[in-house]
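model-v2.txt follows (compact mmCIF, C-alpha atoms):
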```txt
# COMPACT_ATOMS: atom_id res chain seq x y z
CA MET A 1 0.00 0.00 0.00
CA VAL A 2 1.32 3.37 -1.00
CA ASP A 3 0.84 6.43 1.18
CA ILE A 4 -0.77 9.07 -1.00
CA THR A 5 0.42 12.53 -0.05
CA ASP A 6 -1.96 14.53 -2.18
CA THR A 7 -4.69 14.11 -4.79
CA LEU A 8 -5.14 16.17 -7.93
CA ASP A 9 -8.64 15.80 -9.30
CA CYS A 10 -8.61 16.65 -13.01
CA THR A 11 -12.00 15.17 -13.86
CA GLY A 12 -14.04 17.41 -16.10
CA GLU A 13 -10.97 19.46 -17.01
CA VAL A 14 -10.46 20.28 -20.67
CA CYS A 15 -7.27 20.07 -22.67
CA PRO A 16 -4.53 20.99 -21.60
CA TYR A 17 -5.42 21.76 -17.96
CA PRO A 18 -4.74 18.21 -16.66
CA ASP A 19 -1.22 18.34 -18.10
CA VAL A 20 -0.49 21.88 -16.95
CA LYS A 21 -1.95 21.38 -13.46
CA SER A 22 -0.14 18.11 -12.83
CA LYS A 23 3.16 19.62 -13.97
CA ARG A 24 2.69 22.59 -11.64
CA LYS A 25 1.61 20.35 -8.80
CA VAL A 26 4.64 18.06 -8.84
CA LYS A 27 6.93 21.09 -8.91
CA LYS A 28 5.59 22.14 -5.50
CA MET A 29 5.86 18.68 -3.93
CA ASN A 30 8.81 17.24 -2.06
CA SER A 31 10.98 14.28 -2.93
CA GLY A 32 9.48 10.91 -2.00
CA GLU A 33 5.91 12.19 -1.82
CA VAL A 34 3.22 10.47 -3.86
CA LEU A 35 0.68 12.32 -5.99
CA GLU A 36 -2.57 10.72 -7.06
CA ILE A 37 -3.98 12.14 -10.30
CA LEU A 38 -7.61 11.46 -11.21
CA ILE A 39 -8.42 12.09 -14.84
CA ASP A 40 -11.14 11.49 -17.42
CA TYR A 41 -9.49 12.84 -20.56
CA PRO A 42 -7.85 10.09 -22.69
CA LEU A 43 -5.11 12.17 -24.33
CA SER A 44 -3.79 13.47 -21.01
CA ALA A 45 -4.20 10.09 -19.35
CA GLU A 46 -1.72 8.72 -21.89
CA ARG A 47 0.50 11.75 -21.91
CA ILE A 48 0.86 12.59 -18.21
CA PRO A 49 2.73 9.37 -17.29
CA GLU A 50 5.18 10.01 -20.14
CA THR A 51 5.65 13.63 -19.06
CA MET A 52 6.24 12.54 -15.47
CA LYS A 53 8.82 9.98 -16.53
CA SER A 54 10.62 12.54 -18.66
CA LEU A 55 10.69 14.88 -15.65
CA GLY A 56 12.42 12.08 -13.73
CA HIS A 57 9.53 11.13 -11.45
CA GLU A 58 8.52 7.53 -10.91
CA VAL A 59 5.12 6.43 -12.21
CA LEU A 60 3.97 3.86 -9.64
CA SER A 61 0.77 2.87 -11.38
CA GLU A 62 -1.69 3.72 -14.14
CA GLU A 63 -5.06 2.26 -13.42
CA LYS A 64 -8.23 2.43 -15.49
CA LEU A 65 -11.10 2.84 -13.05
CA GLY A 66 -13.96 2.72 -15.54
CA ASP A 67 -15.22 4.35 -18.71
CA SER A 68 -12.88 7.23 -19.47
CA SER A 69 -11.60 7.32 -15.93
CA TRP A 70 -8.02 6.82 -14.84
CA LYS A 71 -5.94 7.01 -11.69
CA ILE A 72 -2.22 7.72 -11.96
CA LEU A 73 0.19 7.50 -9.03
CA VAL A 74 3.42 9.44 -9.29
CA LYS A 75 6.30 9.34 -6.83
CA ILE A 76 8.26 12.57 -6.80
CA LYS A 77 11.98 12.23 -7.43
CA MET B 1 -24.27 15.31 -55.65
CA ASP B 2 -26.97 12.71 -55.19
CA PHE B 3 -28.54 12.74 -51.71
CA TRP B 4 -28.19 9.01 -51.10
CA TYR B 5 -24.62 8.98 -52.32
CA ALA B 6 -23.81 11.88 -49.96
CA LEU B 7 -25.55 10.08 -47.12
CA VAL B 8 -23.83 6.72 -47.54
CA ALA B 9 -20.37 7.88 -48.65
CA GLY B 10 -20.33 10.87 -46.31
CA LEU B 11 -21.29 8.82 -43.28
CA ILE B 12 -18.79 6.05 -44.08
CA ILE B 13 -15.85 8.38 -44.72
CA GLY B 14 -16.81 10.60 -41.79
CA ALA B 15 -17.13 7.61 -39.47
CA ILE B 16 -13.70 6.21 -40.40
CA PHE B 17 -12.22 9.69 -40.02
CA GLY B 18 -13.90 10.07 -36.61
CA PHE B 19 -12.66 6.65 -35.49
CA ILE B 20 -9.08 7.57 -36.41
CA LEU B 21 -9.35 11.02 -34.81
CA GLN B 22 -10.50 9.48 -31.54
CA ARG B 23 -7.98 6.60 -31.49
CA GLY B 24 -5.18 8.95 -32.54
CA ARG B 25 -6.34 11.76 -30.21
CA PHE B 26 -5.64 13.83 -33.30
CA CYS B 27 -6.17 17.48 -32.57
CA MET B 28 -4.23 20.35 -34.05
CA ASN B 29 -4.85 22.42 -30.96
CA SER B 30 -2.74 19.96 -28.97
CA ALA B 31 -0.37 19.47 -31.90
CA PHE B 32 0.57 23.14 -32.26
CA ARG B 33 0.05 24.40 -28.72
CA ASP B 34 2.14 21.67 -27.12
CA ILE B 35 5.19 22.44 -29.26
CA ILE B 36 5.77 25.36 -26.91
CA LEU B 37 3.62 24.47 -23.91
CA LEU B 38 4.62 20.89 -23.12
CA LYS B 39 7.57 20.50 -25.54
CA GLU B 40 5.68 17.52 -26.86
CA TYR B 41 5.92 16.84 -30.58
CA LYS B 42 4.05 13.59 -31.23
CA LEU B 43 0.85 15.10 -32.63
CA ALA B 44 2.80 17.71 -34.59
CA LYS B 45 4.73 14.83 -36.15
CA ALA B 46 1.41 13.10 -36.91
CA VAL B 47 0.31 16.27 -38.76
CA ALA B 48 3.58 16.25 -40.73
CA VAL B 49 3.16 12.57 -41.67
CA ALA B 50 -0.46 13.17 -42.73
CA LEU B 51 0.70 16.08 -44.93
CA VAL B 52 3.25 14.09 -46.91
CA VAL B 53 0.84 11.16 -47.36
CA LEU B 54 -1.80 13.62 -48.60
CA MET B 55 0.65 15.24 -51.03
CA VAL B 56 1.48 11.91 -52.60
CA GLY B 57 -2.14 10.70 -52.47
CA PHE B 58 -3.62 13.85 -54.03
CA ALA B 59 -0.87 13.92 -56.67
CA ILE B 60 -1.42 10.31 -57.74
CA PHE B 61 -5.17 10.67 -58.12
CA ALA B 62 -4.79 14.03 -59.86
CA PHE B 63 -2.47 12.35 -62.40
CA GLY B 64 -5.05 9.64 -62.87
CA GLY B 65 -7.71 12.25 -63.58
CA VAL B 66 -9.80 11.02 -60.64
CA ILE B 67 -9.77 14.35 -58.79
CA ASN B 68 -9.44 17.97 -59.80
CA LEU B 69 -7.04 19.89 -57.63
CA ALA B 70 -8.33 23.31 -56.64
CA PRO B 71 -6.00 25.15 -54.29
CA LYS B 72 -7.39 28.37 -52.85
CA PRO B 73 -6.41 31.77 -54.24
CA PHE B 74 -4.07 33.74 -51.98
CA LYS B 75 -6.01 36.28 -49.94
CA PRO B 76 -3.26 37.44 -47.56
CA TRP B 77 -5.39 39.40 -45.06
CA GLY B 78 -7.99 36.66 -44.87
CA ALA B 79 -5.25 34.11 -44.28
CA ILE B 80 -3.36 36.13 -41.66
CA VAL B 81 -6.27 37.55 -39.65
CA GLY B 82 -8.46 34.45 -40.07
CA GLY B 83 -5.58 32.12 -39.18
CA LEU B 84 -4.52 34.06 -36.06
CA VAL B 85 -8.09 34.38 -34.76
CA PHE B 86 -8.69 30.67 -35.44
CA GLY B 87 -5.50 29.74 -33.59
CA VAL B 88 -6.40 31.81 -30.51
CA GLY B 89 -9.96 30.45 -30.68
CA MET B 90 -8.98 26.79 -30.73
CA VAL B 91 -6.87 27.14 -27.56
CA LEU B 92 -9.84 28.76 -25.77
CA ALA B 93 -12.23 26.16 -27.17
CA ALA B 94 -9.85 23.35 -26.08
CA GLY B 95 -9.93 21.77 -29.52
CA CYS B 96 -9.56 22.62 -33.21
CA ALA B 97 -12.51 22.17 -35.57
CA SER B 98 -11.92 18.42 -36.02
CA GLY B 99 -10.84 17.91 -32.38
CA THR B 100 -14.00 19.59 -31.13
CA THR B 101 -16.14 17.47 -33.45
CA TYR B 102 -14.68 14.11 -32.48
CA ARG B 103 -14.90 14.97 -28.76
CA VAL B 104 -18.65 15.52 -29.20
CA GLY B 105 -18.75 11.80 -29.99
CA GLU B 106 -16.70 11.08 -26.84
CA GLY B 107 -19.39 12.72 -24.73
CA MET B 108 -17.56 15.92 -23.81
CA MET B 109 -20.24 18.53 -23.28
CA GLY B 110 -17.73 21.38 -23.41
CA SER B 111 -17.00 20.41 -27.02
CA VAL B 112 -20.71 20.46 -27.86
CA VAL B 113 -20.78 24.03 -26.56
CA ALA B 114 -17.64 24.85 -28.59
CA ALA B 115 -19.25 23.36 -31.72
CA VAL B 116 -22.33 25.56 -31.21
CA GLY B 117 -20.00 28.54 -30.83
CA LEU B 118 -18.13 27.52 -33.99
CA THR B 119 -21.36 27.30 -35.97
CA THR B 120 -22.65 30.61 -34.59
CA GLY B 121 -19.40 32.41 -35.37
CA ALA B 122 -19.25 30.90 -38.85
CA LEU B 123 -22.84 31.87 -39.71
CA MET B 124 -22.36 35.42 -38.36
CA THR B 125 -19.24 35.79 -40.49
CA GLY B 126 -20.69 34.12 -43.56
CA PHE B 127 -24.09 35.78 -43.68
CA GLY B 128 -24.51 38.01 -40.62
CA VAL B 129 -23.10 41.07 -38.90
CA LEU B 130 -19.46 40.09 -39.43
CA SER B 131 -19.77 39.44 -43.17
CA ASN B 132 -18.60 42.96 -44.06
CA ALA B 133 -15.42 42.49 -42.04
CA LYS B 134 -14.81 39.18 -43.79
CA ASN B 135 -15.46 40.66 -47.23
CA ALA B 136 -13.05 43.52 -46.54
CA LEU B 137 -10.35 41.09 -45.37
CA GLN B 138 -10.86 38.89 -48.43
CA ALA B 139 -10.85 41.81 -50.90
CA THR B 140 -7.11 41.70 -51.57
CA VAL B 141 -6.11 38.79 -53.82
CA VAL B 142 -2.49 38.22 -54.76
CA GLY B 143 -1.63 36.41 -57.98
CA SER B 144 -2.56 36.55 -61.64
CA GLY B 145 -4.05 33.11 -62.12
CA PRO B 146 -6.44 30.74 -60.34
CA ALA B 147 -4.33 30.28 -57.22
CA LEU B 148 -0.83 31.04 -56.10
CA THR B 149 1.10 27.99 -54.89
CA LEU B 150 4.47 27.72 -53.21
CA PHE B 151 6.04 27.44 -56.68
CA GLY B 152 4.14 30.06 -58.65
CA GLU B 153 0.68 29.95 -60.19
CA PHE B 154 -1.27 26.69 -60.02
CA ASN B 155 -0.86 24.53 -63.09
CA ALA B 156 -2.88 21.33 -63.42
CA THR B 157 0.09 19.46 -64.92
CA ILE B 158 3.08 20.85 -63.06
CA THR B 159 1.65 21.34 -59.57
CA PRO B 160 0.89 17.62 -58.98
CA ILE B 161 4.45 16.75 -60.04
CA LEU B 162 5.81 19.24 -57.50
CA MET B 163 3.43 17.89 -54.85
CA LEU B 164 4.73 14.39 -55.52
CA VAL B 165 8.34 15.58 -55.29
CA VAL B 166 7.79 17.53 -52.05
CA GLY B 167 5.80 14.63 -50.60
CA LEU B 168 8.42 12.00 -51.47
CA VAL B 169 11.28 14.16 -50.20
CA GLY B 170 9.29 14.66 -47.00
CA ILE B 171 8.71 10.92 -46.62
CA ALA B 172 12.42 10.24 -47.20
CA LEU B 173 13.46 12.83 -44.60
CA MET B 174 10.96 11.56 -42.03
CA PHE B 175 12.06 7.99 -42.60
CA PHE B 176 15.68 8.98 -42.15
CA PHE B 177 15.29 11.19 -39.09
CA TRP B 178 12.31 9.62 -37.27
CA ALA B 179 11.71 6.05 -38.42
CA TRP B 180 15.28 4.80 -39.00
CA PRO B 181 16.61 5.63 -35.50
CA ALA B 182 13.58 3.89 -33.95
CA ILE B 183 14.05 0.81 -36.15
CA LYS B 184 17.74 0.69 -35.29
CA ARG B 185 17.00 0.92 -31.57
CA LYS B 186 14.50 -1.92 -31.78
CA ARG B 187 16.92 -4.06 -33.75
CA GLU B 188 19.65 -3.56 -31.20
CA ALA B 189 17.23 -4.45 -28.43
CA ASN B 190 16.20 -7.50 -30.49
CA GLU B 191 12.52 -6.53 -30.45
CA SER B 192 10.25 -7.39 -33.33
CA LEU B 193 9.34 -4.32 -35.36
CA ILE B 194 5.60 -4.89 -35.38
CA LYS B 195 3.84 -7.03 -32.83
CA PHE B 196 0.99 -8.76 -34.60
CA GLU B 197 -0.27 -10.84 -31.71
CA ASN B 198 -2.03 -7.90 -30.07
CA PHE B 199 -3.20 -6.34 -33.32
CA LYS B 200 -6.87 -6.34 -32.33
CA GLU B 201 -6.22 -4.72 -28.98
CA ALA B 202 -3.94 -2.12 -30.56
CA THR B 203 -6.52 -1.29 -33.25
CA PHE B 204 -9.64 -1.04 -31.16
CA LYS B 205 -8.60 -0.41 -27.57
CA LYS B 206 -5.43 1.64 -27.42
CA GLY B 207 -4.39 5.07 -28.61
CA TYR B 208 -2.50 4.91 -31.91
CA PRO B 209 1.18 5.83 -32.21
CA TRP B 210 1.63 9.21 -33.92
CA TRP B 211 2.96 7.78 -37.20
CA VAL B 212 0.03 5.36 -37.56
CA THR B 213 -2.39 8.24 -36.94
CA GLY B 214 -0.64 10.40 -39.53
CA ILE B 215 -0.68 7.73 -42.23
CA LEU B 216 -4.33 6.81 -41.61
CA ILE B 217 -5.47 10.46 -41.60
CA GLY B 218 -3.63 10.92 -44.89
CA ILE B 219 -5.35 7.91 -46.44
CA ILE B 220 -8.89 8.69 -45.25
CA LEU B 221 -8.71 12.34 -46.33
CA THR B 222 -7.40 11.28 -49.74
CA ALA B 223 -10.42 8.96 -49.93
CA GLY B 224 -12.61 11.90 -48.90
CA PHE B 225 -11.22 14.01 -51.75
CA ILE B 226 -11.88 11.18 -54.23
CA ALA B 227 -15.42 10.61 -52.97
CA SER B 228 -16.49 14.25 -53.23
CA ASN B 229 -13.90 15.68 -55.64
CA GLY B 230 -13.15 18.29 -53.02
CA VAL B 231 -11.32 18.64 -49.72
CA VAL B 232 -13.01 17.52 -46.52
CA GLY B 233 -14.00 20.38 -44.23
CA ILE B 234 -15.50 20.73 -40.78
CA THR B 235 -16.87 24.25 -40.41
CA GLY B 236 -18.99 24.05 -43.57
CA GLY B 237 -20.45 20.80 -42.25
CA TRP B 238 -21.59 22.40 -39.00
CA MET B 239 -23.14 25.28 -40.98
CA ASP B 240 -24.85 22.69 -43.19
CA ILE B 241 -26.32 20.99 -40.13
CA SER B 242 -27.56 24.29 -38.69
CA LEU B 243 -29.29 25.09 -42.00
CA TRP B 244 -30.86 21.63 -41.95
CA LEU B 245 -32.18 22.32 -38.43
CA THR B 246 -33.51 25.81 -39.16
CA THR B 247 -34.68 25.60 -42.77
CA THR B 248 -36.20 23.03 -45.10
CA ASP B 249 -32.81 22.24 -46.66
CA SER B 250 -31.72 18.62 -46.40
CA VAL B 251 -28.33 17.63 -45.01
CA MET B 252 -25.66 17.47 -47.69
CA TRP B 253 -22.19 15.96 -48.03
CA PRO B 254 -20.40 18.25 -45.51
CA GLY B 255 -23.09 17.68 -42.89
CA PHE B 256 -22.98 13.90 -43.31
CA ILE B 257 -19.21 14.05 -42.80
CA ILE B 258 -19.84 15.70 -39.41
CA PHE B 259 -22.49 13.13 -38.42
CA GLY B 260 -20.09 10.42 -39.55
CA ILE B 261 -17.22 11.81 -37.45
CA ILE B 262 -19.42 11.97 -34.36
CA ILE B 263 -20.69 8.40 -34.92
CA GLY B 264 -17.18 7.06 -35.64
CA ALA B 265 -15.69 8.77 -32.60
CA PHE B 266 -18.54 7.48 -30.44
CA VAL B 267 -18.03 3.90 -31.63
CA SER B 268 -14.29 4.18 -31.12
CA ALA B 269 -14.66 5.70 -27.65
CA TYR B 270 -17.34 3.17 -26.69
CA ILE B 271 -15.26 0.16 -27.74
CA GLY B 272 -12.21 1.56 -25.99
CA GLY B 273 -14.14 2.28 -22.80
CA GLU B 274 -13.62 6.01 -23.19
CA PHE B 275 -17.14 7.24 -23.73
CA LYS B 276 -18.57 9.24 -20.85
CA PHE B 277 -20.68 12.35 -20.49
CA ARG B 278 -18.35 14.95 -19.10
CA VAL B 279 -19.15 18.52 -18.18
CA PRO B 280 -16.47 21.05 -17.16
CA LYS B 281 -16.74 21.81 -13.46
CA ASP B 282 -17.07 25.56 -13.76
CA GLY B 283 -19.37 27.52 -16.02
CA PHE B 284 -16.56 29.87 -16.98
CA THR B 285 -14.83 27.06 -18.89
CA LEU B 286 -18.00 26.50 -20.92
CA LEU B 287 -18.23 30.23 -21.66
CA LYS B 288 -14.60 30.23 -22.76
CA GLN B 289 -15.20 27.21 -25.00
CA PHE B 290 -18.24 28.86 -26.58
CA PHE B 291 -16.34 32.10 -27.20
CA GLY B 292 -13.32 30.17 -28.52
CA GLY B 293 -15.62 28.25 -30.85
CA GLY B 294 -17.03 31.57 -32.09
CA LEU B 295 -13.53 32.86 -32.82
CA MET B 296 -12.79 29.65 -34.72
CA GLY B 297 -15.96 30.14 -36.76
CA PHE B 298 -14.97 33.69 -37.68
CA GLY B 299 -11.42 32.60 -38.45
CA ALA B 300 -12.45 29.62 -40.56
CA VAL B 301 -14.85 31.56 -42.76
CA THR B 302 -12.44 34.51 -43.09
CA ALA B 303 -9.51 32.23 -44.01
CA MET B 304 -11.75 30.19 -46.35
CA GLY B 305 -11.38 27.05 -44.28
CA CYS B 306 -10.70 25.62 -40.86
CA ASN B 307 -7.61 23.66 -39.92
CA VAL B 308 -8.78 20.58 -41.84
CA THR B 309 -9.68 22.39 -45.07
CA ASN B 310 -6.59 24.56 -45.08
CA ILE B 311 -3.87 22.49 -43.42
CA LEU B 312 -4.95 18.99 -44.46
CA GLY B 313 -6.59 20.05 -47.74
CA GLY B 314 -4.83 23.16 -49.01
CA VAL B 315 -1.25 22.71 -47.78
CA PRO B 316 -0.87 19.34 -49.60
CA GLN B 317 -1.88 21.19 -52.79
CA LEU B 318 0.94 23.65 -51.98
CA SER B 319 -1.56 26.53 -51.82
CA LEU B 320 0.21 29.62 -50.51
CA HIS B 321 -3.05 30.79 -48.94
CA SER B 322 -3.35 27.59 -46.92
CA ILE B 323 0.33 27.59 -45.95
CA VAL B 324 0.08 31.15 -44.60
CA THR B 325 -3.22 30.32 -42.87
CA GLY B 326 -1.67 27.20 -41.31
CA ALA B 327 1.34 29.14 -40.03
CA CYS B 328 -0.94 31.83 -38.58
CA ILE B 329 -3.14 29.22 -36.88
CA MET B 330 0.01 27.90 -35.22
CA PHE B 331 1.20 31.39 -34.17
CA GLY B 332 -2.29 32.20 -32.89
CA ALA B 333 -2.24 29.04 -30.78
CA TRP B 334 1.20 29.93 -29.42
CA ILE B 335 0.12 33.46 -28.50
CA ALA B 336 -2.96 32.17 -26.69
CA ALA B 337 -1.05 29.34 -24.97
CA TYR B 338 1.60 31.79 -23.79
CA LEU B 339 -0.90 34.26 -22.40
CA LEU B 340 -3.12 31.61 -20.81
CA PHE B 341 -0.65 29.12 -19.43
CA MET B 342 2.92 30.38 -19.51
CA TRP B 343 2.91 34.11 -18.90
CA ARG B 344 1.88 33.85 -15.27
CA LYS B 345 4.03 31.16 -13.63
CA ASP B 346 2.36 29.77 -10.54
```
Mind converting the file's structure to structure tokens?
Amino acid sequence: MVDITDTLDCTGEVCPYPDVKSKRKVKKMNSGEVLEILIDYPLSAERIPETMKSLGHEVLSEEKLGDSSWKILVKIK
Amino acid sequence: MDFWYALVAGLIIGAIFGFILQRGRFCMNSAFRDIILLKEYKLAKAVAVALVVLMVGFAIFAFGGVINLAPKPFKPWGAIVGGLVFGVGMVLAAGCASGTTYRVGEGMMGSVVAAVGLTTGALMTGFGVLSNAKNALQATVVGSGPALTLFGEFNATITPILMLVVGLVGIALMFFFWAWPAIKRKREANESLIKFENFKEATFKKGYPWWVTGILIGIILTAGFIASNGVVGITGGWMDISLWLTTTDSVMWPGFIIFGIIIGAFVSAYIGGEFKFRVPKDGFTLLKQFFGGGLMGFGAVTAMGCNVTNILGGVPQLSLHSIVTGACIMFGAWIAAYLLFMWRKD
């Protein structure tokens, strides 16, 4: 079980707010903390994990919760 | 065009286009905006791939006498002002003309609002209060013949040859710089180049890689040109639908393309488990999407075409008008993305 430090709820957000908000959020978090991102927009759901990896963070899991609904866990580097 | 032909062919081509748009998440708003915003180039590369496929496709069928190329005449002010306004509008609307349309099929209510804005703006510019502004912007025409292309006046014999050359050079460059390094990497890692065992899953459930999206968009829009002997457009289709709703006119080819896109995107989203009714949390977002749609409508009519008509229809024909419009759409998107997301760092 992972301890989730903070949750970013991006459901209902339009392009590109999920990407921009998650990028801004991880910048403010400390090393070792875990961010949970909830998202319902397919493009960003595919793109955010890649962005996070390229920023050096660890993507712990990408889980599809239901129709157009995803949960992404990111551990801050 | 015969009504039944328009209905059947329009719906089929539209539906395949919509399916590809949804699987490929193909949206020029993301493609252009994210070059500066997220430093993410996949969709921009998909646009580039689609362009070279379209150049070769259009050229081949023009040689065969199947289609008549008709690049747009160069109206510089229409292209510059229309392109910039369209580019700003699509960032506010959170989707270009085709992106907005396919997301309607995904169940995104914000895109429905943006599509209504697009139609309203287009009608106001085409026939309403903004038509004088549009006419003034379109008054200046540069060139002495039917249409100025990148290499001088359009010529039905020479232009397709140049399109073929530019397209093939483009394909060669992309293969060398993008495909070859990837193939080499996979070879060194001893991976098979294409994995056929999960073909079904990759086709119907997952998002497509950018190069697959680009090739498929190129093929389906070439098919669209063949089927209607004209480039596929989005804005005209929405105007067609609004006329169908408000007058006794029947839906025609452009409107059936729109219905097809929405149906295709719905089917694709439904199969992939990505269909859901979604409404932006705050009303301000909806207002912004409506206003952005309206700007796109004005821009599309003023520039004689939205991003699909100009970038995926006119640029492959080397039309200078469409090239300038396309560049201005991109600059407009960059200006809006900078002001909205990058100017204020928080």
* Asked: By how many Å are CA of Glu46 (chain A) and CA of Pro181 (chain B) apart?
  ->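 Taking CA of Glu46 (chain A) as the start and CA of Pro181 (chain B) as the end point, the length is 23.0 Å.
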* **Among listed residues A:Ser22, A:Ser31, A:Ser44, A:Thr11, nearest Glu58 (chain A) (using only C-alpha atoms)** =>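 Once distances to Glu58 (chain A) are computed over only C-alpha atoms, the minimum belongs to A:Ser31.
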* Structure fact -> Of A:Ile76, A:Leu35, A:Leu65, A:Val59, the one sitting nearest Leu8 (chain A) when using only C-alpha atoms is A:Leu35
All file atoms of region 1-13 of chain A boxed axis-aligned, 4 Å per side, centre plus edges, as JSON:
```
{"center_x": -6.4, "center_y": 9.7, "center_z": -7.9, "size_x": 23.4, "size_y": 27.5, "size_z": 26.2}
```
* With a distance threshold of 6 Å and counting all atoms listed in the file, extract the residues of chain B near chain A and express them as a ChimeraX atom specification. => /B:94,273-274,278-281
For the residues in the current selection, export C-alpha atoms as a PDB file, in the coordinates of the input.
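Listing of part.pdb after writing:
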```pdb
ATOM      1  CA  ALA B  94      -9.850  23.350 -26.080  1.00  0.00           C
ATOM      2  CA  GLY B 273     -14.140   2.280 -22.800  1.00  0.00           C
ATOM      3  CA  GLU B 274     -13.620   6.010 -23.190  1.00  0.00           C
ATOM      4  CA  ARG B 278     -18.350  14.950 -19.100  1.00  0.00           C
ATOM      5  CA  VAL B 279     -19.150  18.520 -18.180  1.00  0.00           C
ATOM      6  CA  PRO B 280     -16.470  21.050 -17.160  1.00  0.00           C
ATOM      7  CA  LYS B 281     -16.740  21.810 -13.460  1.00  0.00           C
TER       8      LYS B 281
END
```
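Using only C-alpha atoms, the nearest neighbour of Lys75 (chain B) within the list B:Gln138, B:Ala147, B:Asp282, B:Gly314 is B:Gln138.
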* Of the listed residues A:Val26, A:Lys77, A:Val34, A:Asp9, that which approaches Ser61 (chain A) most closely, counting all atoms listed in the file ->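 Counting all atoms listed in the file, the residue closest to Ser61 (chain A) is A:Val34.
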